[in-house]
file my_file08.csv (CSV, C-alpha atoms)
chain,number,residue,atom,x,y,z
A,184,MET,CA,2.4,-56.2,24.0
A,185,LYS,CA,4.9,-53.8,25.5
A,186,LEU,CA,4.2,-50.1,25.9
A,187,LYS,CA,6.4,-47.1,25.2
A,188,ILE,CA,5.5,-43.7,26.4
A,189,CYS,CA,7.5,-41.2,24.4
A,190,GLY,CA,8.2,-37.5,24.5
A,191,MET,CA,8.6,-37.1,28.3
A,192,LYS,CA,9.8,-33.7,29.4
A,193,TYR,CA,8.9,-32.9,33.0
A,194,PRO,CA,10.5,-34.8,36.0
A,195,ASP,CA,7.4,-34.9,38.2
A,196,ASN,CA,5.4,-36.2,35.2
A,197,MET,CA,8.0,-38.8,34.6
A,198,LEU,CA,7.6,-40.1,38.1
A,199,GLU,CA,3.9,-40.2,37.8
A,200,VAL,CA,4.1,-42.2,34.6
A,201,GLY,CA,6.8,-44.3,36.0
A,202,LEU,CA,4.5,-45.6,38.7
A,203,LEU,CA,2.5,-47.2,35.9
A,204,LEU,CA,5.6,-49.2,34.9
A,205,PRO,CA,5.5,-48.7,31.1
A,206,ASP,CA,8.2,-50.9,29.5
A,207,TYR,CA,9.9,-48.0,27.7
A,208,MET,CA,10.0,-44.3,28.4
A,209,GLY,CA,11.2,-42.0,25.5
A,210,PHE,CA,13.2,-38.8,25.8
A,211,ILE,CA,13.6,-36.7,22.7
A,212,PHE,CA,17.0,-35.2,22.1
A,213,TRP,CA,16.2,-33.4,18.9
A,214,GLN,CA,16.3,-29.6,19.6
A,215,LYS,CA,13.6,-28.7,17.2
A,216,SER,CA,11.0,-30.8,19.0
A,217,ALA,CA,8.5,-29.2,21.3
A,218,ARG,CA,9.3,-32.1,23.6
A,219,TYR,CA,13.0,-31.6,23.6
A,220,PHE,CA,14.5,-32.8,26.8
A,221,ASP,CA,17.8,-31.5,28.3
A,222,GLY,CA,17.1,-31.4,32.0
A,223,GLU,CA,17.5,-33.6,35.1
A,224,MET,CA,16.1,-37.1,34.9
A,225,PRO,CA,14.6,-38.5,38.2
A,226,ASP,CA,15.3,-42.0,39.4
A,227,LEU,CA,12.9,-44.3,37.5
A,228,PRO,CA,12.0,-47.9,38.2
A,229,LYS,CA,14.7,-50.2,36.9
A,230,SER,CA,12.2,-52.2,34.7
A,231,ILE,CA,11.6,-49.1,32.5
A,232,LYS,CA,14.0,-48.9,29.6
A,233,LYS,CA,15.0,-45.3,29.1
A,234,THR,CA,15.1,-44.6,25.4
A,235,GLY,CA,16.8,-41.7,23.7
A,236,VAL,CA,15.2,-40.4,20.5
A,237,PHE,CA,17.7,-38.9,18.0
A,238,VAL,CA,17.3,-37.4,14.6
A,239,ASN,CA,20.5,-37.5,12.4
A,240,GLU,CA,22.6,-37.0,15.5
A,241,SER,CA,26.4,-37.7,15.6
A,242,ILE,CA,27.7,-40.9,17.2
A,243,GLN,CA,29.5,-38.7,19.7
A,244,GLY,CA,26.3,-36.9,20.5
A,245,ILE,CA,24.4,-40.1,21.0
A,246,GLU,CA,27.2,-41.5,23.2
A,247,GLU,CA,27.1,-38.5,25.4
A,248,LYS,CA,23.4,-38.9,26.1
A,249,VAL,CA,23.7,-42.6,26.7
A,250,ILE,CA,26.3,-42.0,29.3
A,251,LYS,CA,24.7,-39.0,30.9
A,252,TYR,CA,21.2,-40.5,31.3
A,253,ASP,CA,22.1,-44.2,31.4
A,254,LEU,CA,20.0,-45.0,28.4
A,255,GLN,CA,19.0,-48.6,27.7
A,256,ALA,CA,17.7,-48.0,24.2
A,257,ILE,CA,18.4,-45.7,21.2
A,258,GLN,CA,15.6,-44.7,18.7
A,259,LEU,CA,17.0,-43.4,15.4
A,260,HIS,CA,14.4,-41.2,13.8
A,261,GLY,CA,16.3,-39.7,10.9
A,262,GLN,CA,18.0,-40.9,7.8
A,263,GLU,CA,20.6,-42.9,9.6
A,264,SER,CA,22.4,-45.3,7.2
A,265,VAL,CA,23.0,-49.0,7.7
A,266,ALA,CA,26.7,-48.3,8.3
A,267,PHE,CA,25.8,-45.7,11.0
A,268,CYS,CA,23.5,-48.2,12.8
A,269,SER,CA,26.2,-50.9,12.5
A,270,GLU,CA,28.7,-48.5,14.1
A,271,ILE,CA,26.3,-47.7,16.9
A,272,LYS,CA,25.6,-51.4,17.4
A,273,THR,CA,29.3,-52.2,17.6
A,274,LYS,CA,30.0,-49.4,20.1
A,275,PHE,CA,27.2,-50.4,22.6
A,276,GLY,CA,26.8,-54.1,21.9
A,277,ALA,CA,24.0,-55.8,23.7
A,278,SER,CA,23.8,-53.2,26.5
A,279,VAL,CA,21.7,-50.7,24.4
A,280,GLU,CA,18.9,-51.7,22.1
A,281,ILE,CA,18.7,-50.0,18.7
A,282,ILE,CA,15.3,-49.1,17.3
A,283,LYS,CA,15.3,-47.8,13.7
A,284,VAL,CA,12.3,-45.7,12.7
A,285,PHE,CA,10.7,-45.8,9.2
A,286,SER,CA,8.0,-43.3,8.2
A,287,ALA,CA,5.3,-45.2,6.4
A,288,ASP,CA,2.5,-44.4,4.0
A,289,GLU,CA,0.7,-46.4,1.2
A,290,ASN,CA,3.8,-46.1,-1.0
A,291,PHE,CA,6.3,-47.5,1.6
A,292,ASP,CA,8.9,-49.8,0.1
A,293,PHE,CA,9.5,-52.7,2.5
A,294,SER,CA,12.6,-53.8,0.7
A,295,VAL,CA,14.5,-50.9,2.4
A,296,LEU,CA,14.3,-52.8,5.7
A,297,GLU,CA,16.4,-55.8,4.8
A,298,PRO,CA,19.9,-54.2,5.1
A,299,TYR,CA,19.0,-52.9,8.6
A,300,GLU,CA,17.9,-56.3,10.0
A,301,SER,CA,21.3,-57.3,11.3
A,302,VAL,CA,22.2,-53.9,12.8
A,303,CYS,CA,18.9,-53.1,14.7
A,304,ASP,CA,17.1,-54.8,17.4
A,305,TYR,CA,13.7,-53.5,16.4
A,306,PHE,CA,12.0,-51.4,13.7
A,307,LEU,CA,9.4,-48.7,14.5
A,308,PHE,CA,6.8,-47.7,12.0
A,309,ASP,CA,5.5,-44.1,12.3
A,310,THR,CA,3.3,-41.9,10.1
A,311,LYS,CA,5.1,-40.1,7.3
A,312,GLY,CA,4.6,-36.4,7.9
A,313,LYS,CA,6.2,-33.0,8.0
A,314,LEU,CA,8.1,-33.8,11.2
A,315,PRO,CA,10.3,-36.8,12.0
A,316,GLY,CA,7.6,-37.8,14.6
A,317,GLY,CA,4.8,-36.5,16.8
A,318,ASN,CA,2.6,-35.6,13.9
A,319,GLY,CA,-0.5,-36.9,15.7
A,320,THR,CA,-1.9,-38.8,12.7
A,321,THR,CA,-2.1,-42.5,12.0
A,322,PHE,CA,-1.2,-44.3,8.8
A,323,ASP,CA,-3.1,-47.1,7.1
A,324,TRP,CA,-2.0,-50.2,9.1
A,325,LYS,CA,-3.2,-52.5,6.3
A,326,ILE,CA,0.0,-51.8,4.5
A,327,LEU,CA,1.7,-53.8,7.3
A,328,GLU,CA,0.1,-56.9,5.8
A,329,ASN,CA,3.0,-56.7,3.4
A,330,TYR,CA,5.6,-56.7,6.2
A,331,PRO,CA,8.2,-59.3,4.9
A,332,SER,CA,10.3,-59.7,8.0
A,333,SER,CA,10.2,-61.6,11.3
A,334,LYS,CA,11.9,-58.7,13.1
A,335,PRO,CA,9.7,-57.4,15.9
A,336,PHE,CA,8.6,-53.8,15.6
A,337,PHE,CA,7.0,-50.9,17.5
A,338,LEU,CA,3.7,-49.6,16.1
A,339,SER,CA,3.5,-45.8,16.4
A,340,GLY,CA,1.9,-42.8,14.7
A,341,GLY,CA,-1.0,-40.9,16.2
A,342,ILE,CA,-2.3,-43.6,18.5
A,343,GLY,CA,-4.8,-42.3,20.9
A,344,ILE,CA,-7.8,-43.5,23.0
A,345,GLU,CA,-10.0,-43.5,19.8
A,346,GLU,CA,-7.6,-46.0,18.2
A,347,LEU,CA,-7.5,-48.6,21.0
A,348,ASP,CA,-10.1,-50.9,19.4
A,349,SER,CA,-8.0,-50.9,16.2
A,350,VAL,CA,-4.9,-51.5,18.2
A,351,ALA,CA,-6.5,-54.5,19.9
A,352,ALA,CA,-7.5,-55.8,16.6
A,353,ILE,CA,-4.1,-55.6,14.9
A,354,LEU,CA,-2.5,-57.2,17.9
A,355,LYS,CA,-4.6,-60.3,17.2
A,356,THR,CA,-2.9,-60.7,13.7
A,357,ASP,CA,0.3,-62.7,13.1
A,358,LEU,CA,2.4,-59.5,12.7
A,359,PRO,CA,5.4,-59.5,15.1
A,360,ILE,CA,4.3,-56.4,16.9
A,361,TYR,CA,6.6,-56.0,19.9
A,362,ALA,CA,5.3,-52.7,21.4
A,363,ILE,CA,2.9,-49.8,21.0
A,364,ASP,CA,4.5,-46.3,21.1
A,365,VAL,CA,2.3,-43.4,22.1
A,366,ASN,CA,3.0,-39.7,22.5
A,367,SER,CA,1.0,-36.7,21.5
A,368,LYS,CA,-2.5,-38.0,21.9
A,369,PHE,CA,-1.8,-38.8,25.6
A,370,GLU,CA,-0.8,-35.2,26.5
A,371,ILE,CA,-2.1,-32.2,28.3
A,372,GLU,CA,0.5,-30.1,26.4
A,373,PRO,CA,3.7,-31.1,24.6
A,374,GLY,CA,5.8,-33.3,26.9
A,375,LEU,CA,3.2,-33.4,29.7
A,376,LYS,CA,1.3,-36.7,29.8
A,377,ASN,CA,-2.3,-37.1,30.9
A,378,ILE,CA,-1.9,-39.7,33.6
A,379,ASN,CA,-5.5,-41.0,33.3
A,380,LEU,CA,-5.1,-41.6,29.6
A,381,VAL,CA,-1.7,-43.3,30.1
A,382,ARG,CA,-3.3,-45.5,32.8
A,383,THR,CA,-6.0,-46.6,30.3
A,384,ILE,CA,-3.5,-47.7,27.7
A,385,ARG,CA,-1.3,-49.3,30.3
A,386,GLU,CA,-4.3,-51.4,31.4
A,387,LEU,CA,-4.9,-52.4,27.8
A,388,SER,CA,-1.3,-53.5,27.4
A,389,LEU,CA,-1.5,-55.6,30.6
A,390,ARG,CA,-4.7,-57.3,29.4
A,391,GLU,CA,-3.1,-58.1,26.0
A,392,ASN,CA,-0.2,-59.8,27.8
A,393,LYS,CA,-2.4,-62.2,29.7

call {"tool": "encode", "arguments": {"input": "my_file08.csv", "output": "structure tokens"}}
result
Amino acid sequence: MKLKICGMKYPDNMLEVGLLLPDYMGFIFWQKSARYFDGEMPDLPKSIKKTGVFVNESIQGIEEKVIKYDLQAIQLHGQESVAFCSEIKTKFGASVEIIKVFSADENFDFSVLEPYESVCDYFLFDTKGKLPGGNGTTFDWKILENYPSSKPFFLSGGIGIEELDSVAAILKTDLPIYAIDVNSKFEIEPGLKNINLVRTIRELSLRENK
């Protein structure tokens, strides 16, 4: 299991979290988010994949952030089309991973995933809510039993310390879970991560990888 810490905002906090070597660190470039980031990014360990989170952004806007912050992954959290993802994939090739987000609830139609399989490296399932992300609530993971693909995916949506037993349990299934994505339940305030809580889930991810 890989670990993504999303919604980073403050450089000193980024360095603290960076010392724990999560696999991915997410930066939200959607201006309506309380975790919107538009500052200076410190030097982070090379093993951490810096991930830009975008919501219905233009290709030019994404490219500007990829270049400015040397991003290794792009997370598309809006209504981006298959054609849009394909264009992004063509532009960046293998140098930048593409993670396409889908908001899930009990009525989620898994057939919508198929056209995206060839234009994305990973899917990410988040809780369907009022905001594109960061709603702080989980969805019923049992619906993932209907997952029809072998495409690895990130599991997200309101994961906190209270959910770690459930996380450990779902990781023991045959689902192709690639990573766990955490955000709001590991914070002191929006964008400021609680280093002790992050350390706890990092230790879990390392145990699961043994």

call {"tool": "residues_around", "arguments": {"input": "my_file08.csv", "residues": "A:Leu347", "least_positions_apart": "6", "cutoff": "10 Å", "atoms": "all atoms listed in the file", "output": "PyMOL selection string"}}
result
chain A and resi 353+383-384+387

call {"tool": "atom_distance", "arguments": {"input": "my_file08.csv", "atom1": "atom CA of A:Gly341", "atom2": "atom CA of A:Phe322"}}
result
8.1 Å

call {"tool": "closest_residue", "arguments": {"input": "my_file08.csv", "among": "A:Leu259, A:Leu296, A:Glu246, A:Gly374", "to": "A:Ser216", "atoms": "all atoms listed in the file"}}
result
A:Gly374

call {"tool": "closest_residue", "arguments": {"input": "my_file08.csv", "among": "A:Val238, A:Val295, A:Ile378, A:Cys189", "to": "A:Trp213", "atoms": "only C-alpha atoms"}}
result
A:Val238

call {"tool": "closest_residue", "arguments": {"input": "my_file08.csv", "among": "A:Ser230, A:Gln214, A:Ser301, A:Thr273", "to": "A:Ile242", "atoms": "all atoms listed in the file"}}
result
A:Thr273

call {"tool": "atom_distance", "arguments": {"input": "my_file08.csv", "atom1": "atom CA of A:Asp206", "atom2": "atom CA of A:Ile231"}}
result
4.9 Å

call {"tool": "residues_around", "arguments": {"input": "my_file08.csv", "residues": "A:Asp226", "least_positions_apart": "3", "cutoff": "12 Å", "atoms": "only C-alpha atoms", "output": "VMD selection string"}}
result
chain A and resid 194 to 195 197 to 199 201 to 202 223 229 to 231 233 252 to 253

call {"tool": "write_last_selection", "arguments": {"input": "my_file08.csv", "atoms": "C-alpha atoms", "output": "CSV table (one decimal), in the coordinates of the input"}}
result
chain,number,residue,atom,x,y,z
A,194,PRO,CA,10.5,-34.8,36.0
A,195,ASP,CA,7.4,-34.9,38.2
A,197,MET,CA,8.0,-38.8,34.6
A,198,LEU,CA,7.6,-40.1,38.1
A,199,GLU,CA,3.9,-40.2,37.8
A,201,GLY,CA,6.8,-44.3,36.0
A,202,LEU,CA,4.5,-45.6,38.7
A,223,GLU,CA,17.5,-33.6,35.1
A,229,LYS,CA,14.7,-50.2,36.9
A,230,SER,CA,12.2,-52.2,34.7
A,231,ILE,CA,11.6,-49.1,32.5
A,233,LYS,CA,15.0,-45.3,29.1
A,252,TYR,CA,21.2,-40.5,31.3
A,253,ASP,CA,22.1,-44.2,31.4

call {"tool": "residues_around", "arguments": {"input": "my_file08.csv", "residues": "A:Asp323", "least_positions_apart": "4", "cutoff": "10 Å", "atoms": "all atoms listed in the file", "output": "list in words"}}
result
Ala287, Asp288, Glu289, Thr310 and Leu327 of chain A

call {"tool": "closest_residue", "arguments": {"input": "my_file08.csv", "among": "A:Ile344, A:Leu204, A:Ile363, A:Ala266", "to": "A:Asp309", "atoms": "all atoms listed in the file"}}
result
A:Ile363

call {"tool": "atom_distance", "arguments": {"input": "my_file08.csv", "atom1": "atom CA of A:Ser349", "atom2": "atom CA of A:Phe308"}}
result
15.7 Å

call {"tool": "closest_residue", "arguments": {"input": "my_file08.csv", "among": "A:Ser278, A:Asn392, A:Asn329, A:Thr234", "to": "A:Ile188", "atoms": "only C-alpha atoms"}}
result
A:Thr234

call {"tool": "closest_residue", "arguments": {"input": "my_file08.csv", "among": "A:Leu380, A:Ser241, A:Ile342, A:Phe336", "to": "A:Met184", "atoms": "all atoms listed in the file"}}
result
A:Phe336

call {"tool": "residues_around", "arguments": {"input": "my_file08.csv", "residues": "A:Ile360", "least_positions_apart": "2", "cutoff": "7 Å", "atoms": "only C-alpha atoms", "output": "ChimeraX atom specification"}}
result
/A:335-338,354,358,362

call {"tool": "build_atoms", "arguments": {"input": "my_file08.csv", "residues": "stretch 258-269 of chain A", "atoms": "all heavy atoms", "output": "PDB file, in the coordinates of the input"}}
result
ATOM      1  N   GLN A 258      16.610 -44.740  19.833  1.00  0.00           N
ATOM      2  CA  GLN A 258      15.600 -44.700  18.700  1.00  0.00           C
ATOM      3  C   GLN A 258      16.157 -43.727  17.683  1.00  0.00           C
ATOM      4  O   GLN A 258      16.298 -42.533  17.949  1.00  0.00           O
ATOM      5  CB  GLN A 258      14.270 -44.285  19.251  1.00  0.00           C
ATOM      6  CG  GLN A 258      13.181 -44.255  18.195  1.00  0.00           C
ATOM      7  CD  GLN A 258      11.820 -44.006  18.827  1.00  0.00           C
ATOM      8  OE1 GLN A 258      11.479 -44.613  19.834  1.00  0.00           O
ATOM      9  NE2 GLN A 258      11.039 -43.113  18.246  1.00  0.00           N
ATOM     10  N   LEU A 259      16.433 -44.236  16.499  1.00  0.00           N
ATOM     11  CA  LEU A 259      17.000 -43.400  15.400  1.00  0.00           C
ATOM     12  C   LEU A 259      15.901 -43.011  14.472  1.00  0.00           C
ATOM     13  O   LEU A 259      15.363 -43.830  13.736  1.00  0.00           O
ATOM     14  CB  LEU A 259      18.099 -44.218  14.708  1.00  0.00           C
ATOM     15  CG  LEU A 259      19.262 -44.658  15.613  1.00  0.00           C
ATOM     16  CD1 LEU A 259      20.219 -45.567  14.854  1.00  0.00           C
ATOM     17  CD2 LEU A 259      19.994 -43.448  16.188  1.00  0.00           C
ATOM     18  N   HIS A 260      15.587 -41.717  14.477  1.00  0.00           N
ATOM     19  CA  HIS A 260      14.400 -41.200  13.800  1.00  0.00           C
ATOM     20  C   HIS A 260      14.694 -40.391  12.574  1.00  0.00           C
ATOM     21  O   HIS A 260      13.819 -39.701  12.042  1.00  0.00           O
ATOM     22  CB  HIS A 260      13.579 -40.364  14.800  1.00  0.00           C
ATOM     23  CG  HIS A 260      12.119 -40.622  14.789  1.00  0.00           C
ATOM     24  ND1 HIS A 260      11.319 -40.458  13.679  1.00  0.00           N
ATOM     25  CD2 HIS A 260      11.288 -41.042  15.757  1.00  0.00           C
ATOM     26  CE1 HIS A 260      10.073 -40.743  13.979  1.00  0.00           C
ATOM     27  NE2 HIS A 260      10.019 -41.109  15.231  1.00  0.00           N
ATOM     28  N   GLY A 261      15.952 -40.451  12.114  1.00  0.00           N
ATOM     29  CA  GLY A 261      16.300 -39.700  10.900  1.00  0.00           C
ATOM     30  C   GLY A 261      16.615 -40.532   9.741  1.00  0.00           C
ATOM     31  O   GLY A 261      15.990 -41.577   9.545  1.00  0.00           O
ATOM     32  N   GLN A 262      17.602 -40.108   8.954  1.00  0.00           N
ATOM     33  CA  GLN A 262      18.000 -40.900   7.800  1.00  0.00           C
ATOM     34  C   GLN A 262      19.291 -41.641   8.027  1.00  0.00           C
ATOM     35  O   GLN A 262      20.183 -41.712   7.181  1.00  0.00           O
ATOM     36  CB  GLN A 262      18.191 -39.921   6.566  1.00  0.00           C
ATOM     37  CG  GLN A 262      16.908 -39.377   5.985  1.00  0.00           C
ATOM     38  CD  GLN A 262      16.297 -38.275   6.841  1.00  0.00           C
ATOM     39  OE1 GLN A 262      16.995 -37.331   7.228  1.00  0.00           O
ATOM     40  NE2 GLN A 262      15.005 -38.376   7.120  1.00  0.00           N
ATOM     41  N   GLU A 263      19.383 -42.233   9.198  1.00  0.00           N
ATOM     42  CA  GLU A 263      20.600 -42.900   9.600  1.00  0.00           C
ATOM     43  C   GLU A 263      20.839 -44.142   8.644  1.00  0.00           C
ATOM     44  O   GLU A 263      19.928 -44.921   8.380  1.00  0.00           O
ATOM     45  CB  GLU A 263      20.513 -43.416  11.024  1.00  0.00           C
ATOM     46  CG  GLU A 263      20.444 -42.293  12.044  1.00  0.00           C
ATOM     47  CD  GLU A 263      19.037 -41.767  12.283  1.00  0.00           C
ATOM     48  OE1 GLU A 263      18.080 -42.366  11.721  1.00  0.00           O
ATOM     49  OE2 GLU A 263      18.888 -40.778  13.012  1.00  0.00           O
ATOM     50  N   SER A 264      22.060 -44.266   8.184  1.00  0.00           N
ATOM     51  CA  SER A 264      22.400 -45.300   7.200  1.00  0.00           C
ATOM     52  C   SER A 264      22.615 -46.660   7.954  1.00  0.00           C
ATOM     53  O   SER A 264      22.740 -46.722   9.186  1.00  0.00           O
ATOM     54  CB  SER A 264      23.695 -44.958   6.495  1.00  0.00           C
ATOM     55  OG  SER A 264      24.800 -44.955   7.397  1.00  0.00           O
ATOM     56  N   VAL A 265      22.702 -47.709   7.148  1.00  0.00           N
ATOM     57  CA  VAL A 265      23.000 -49.000   7.700  1.00  0.00           C
ATOM     58  C   VAL A 265      24.385 -49.007   8.371  1.00  0.00           C
ATOM     59  O   VAL A 265      24.557 -49.552   9.472  1.00  0.00           O
ATOM     60  CB  VAL A 265      22.985 -50.093   6.570  1.00  0.00           C
ATOM     61  CG1 VAL A 265      23.447 -51.440   7.093  1.00  0.00           C
ATOM     62  CG2 VAL A 265      21.580 -50.200   5.976  1.00  0.00           C
ATOM     63  N   ALA A 266      25.360 -48.354   7.724  1.00  0.00           N
ATOM     64  CA  ALA A 266      26.700 -48.300   8.300  1.00  0.00           C
ATOM     65  C   ALA A 266      26.694 -47.535   9.632  1.00  0.00           C
ATOM     66  O   ALA A 266      27.392 -47.925  10.576  1.00  0.00           O
ATOM     67  CB  ALA A 266      27.637 -47.563   7.309  1.00  0.00           C
ATOM     68  N   PHE A 267      25.899 -46.486   9.741  1.00  0.00           N
ATOM     69  CA  PHE A 267      25.800 -45.700  11.000  1.00  0.00           C
ATOM     70  C   PHE A 267      25.219 -46.625  12.089  1.00  0.00           C
ATOM     71  O   PHE A 267      25.747 -46.669  13.211  1.00  0.00           O
ATOM     72  CB  PHE A 267      24.907 -44.506  10.772  1.00  0.00           C
ATOM     73  CG  PHE A 267      24.796 -43.605  11.975  1.00  0.00           C
ATOM     74  CD1 PHE A 267      25.653 -42.532  12.119  1.00  0.00           C
ATOM     75  CD2 PHE A 267      23.839 -43.820  12.957  1.00  0.00           C
ATOM     76  CE1 PHE A 267      25.562 -41.685  13.228  1.00  0.00           C
ATOM     77  CE2 PHE A 267      23.739 -42.996  14.064  1.00  0.00           C
ATOM     78  CZ  PHE A 267      24.605 -41.924  14.196  1.00  0.00           C
ATOM     79  N   CYS A 268      24.139 -47.333  11.771  1.00  0.00           N
ATOM     80  CA  CYS A 268      23.500 -48.200  12.800  1.00  0.00           C
ATOM     81  C   CYS A 268      24.487 -49.318  13.174  1.00  0.00           C
ATOM     82  O   CYS A 268      24.546 -49.695  14.352  1.00  0.00           O
ATOM     83  CB  CYS A 268      22.247 -48.841  12.188  1.00  0.00           C
ATOM     84  SG  CYS A 268      20.918 -47.658  11.875  1.00  0.00           S
ATOM     85  N   SER A 269      25.264 -49.816  12.215  1.00  0.00           N
ATOM     86  CA  SER A 269      26.200 -50.900  12.500  1.00  0.00           C
ATOM     87  C   SER A 269      27.304 -50.340  13.480  1.00  0.00           C
ATOM     88  O   SER A 269      27.709 -51.051  14.416  1.00  0.00           O
ATOM     89  CB  SER A 269      26.893 -51.346  11.220  1.00  0.00           C
ATOM     90  OG  SER A 269      27.856 -52.329  11.490  1.00  0.00           O
TER      91      SER A 269
END
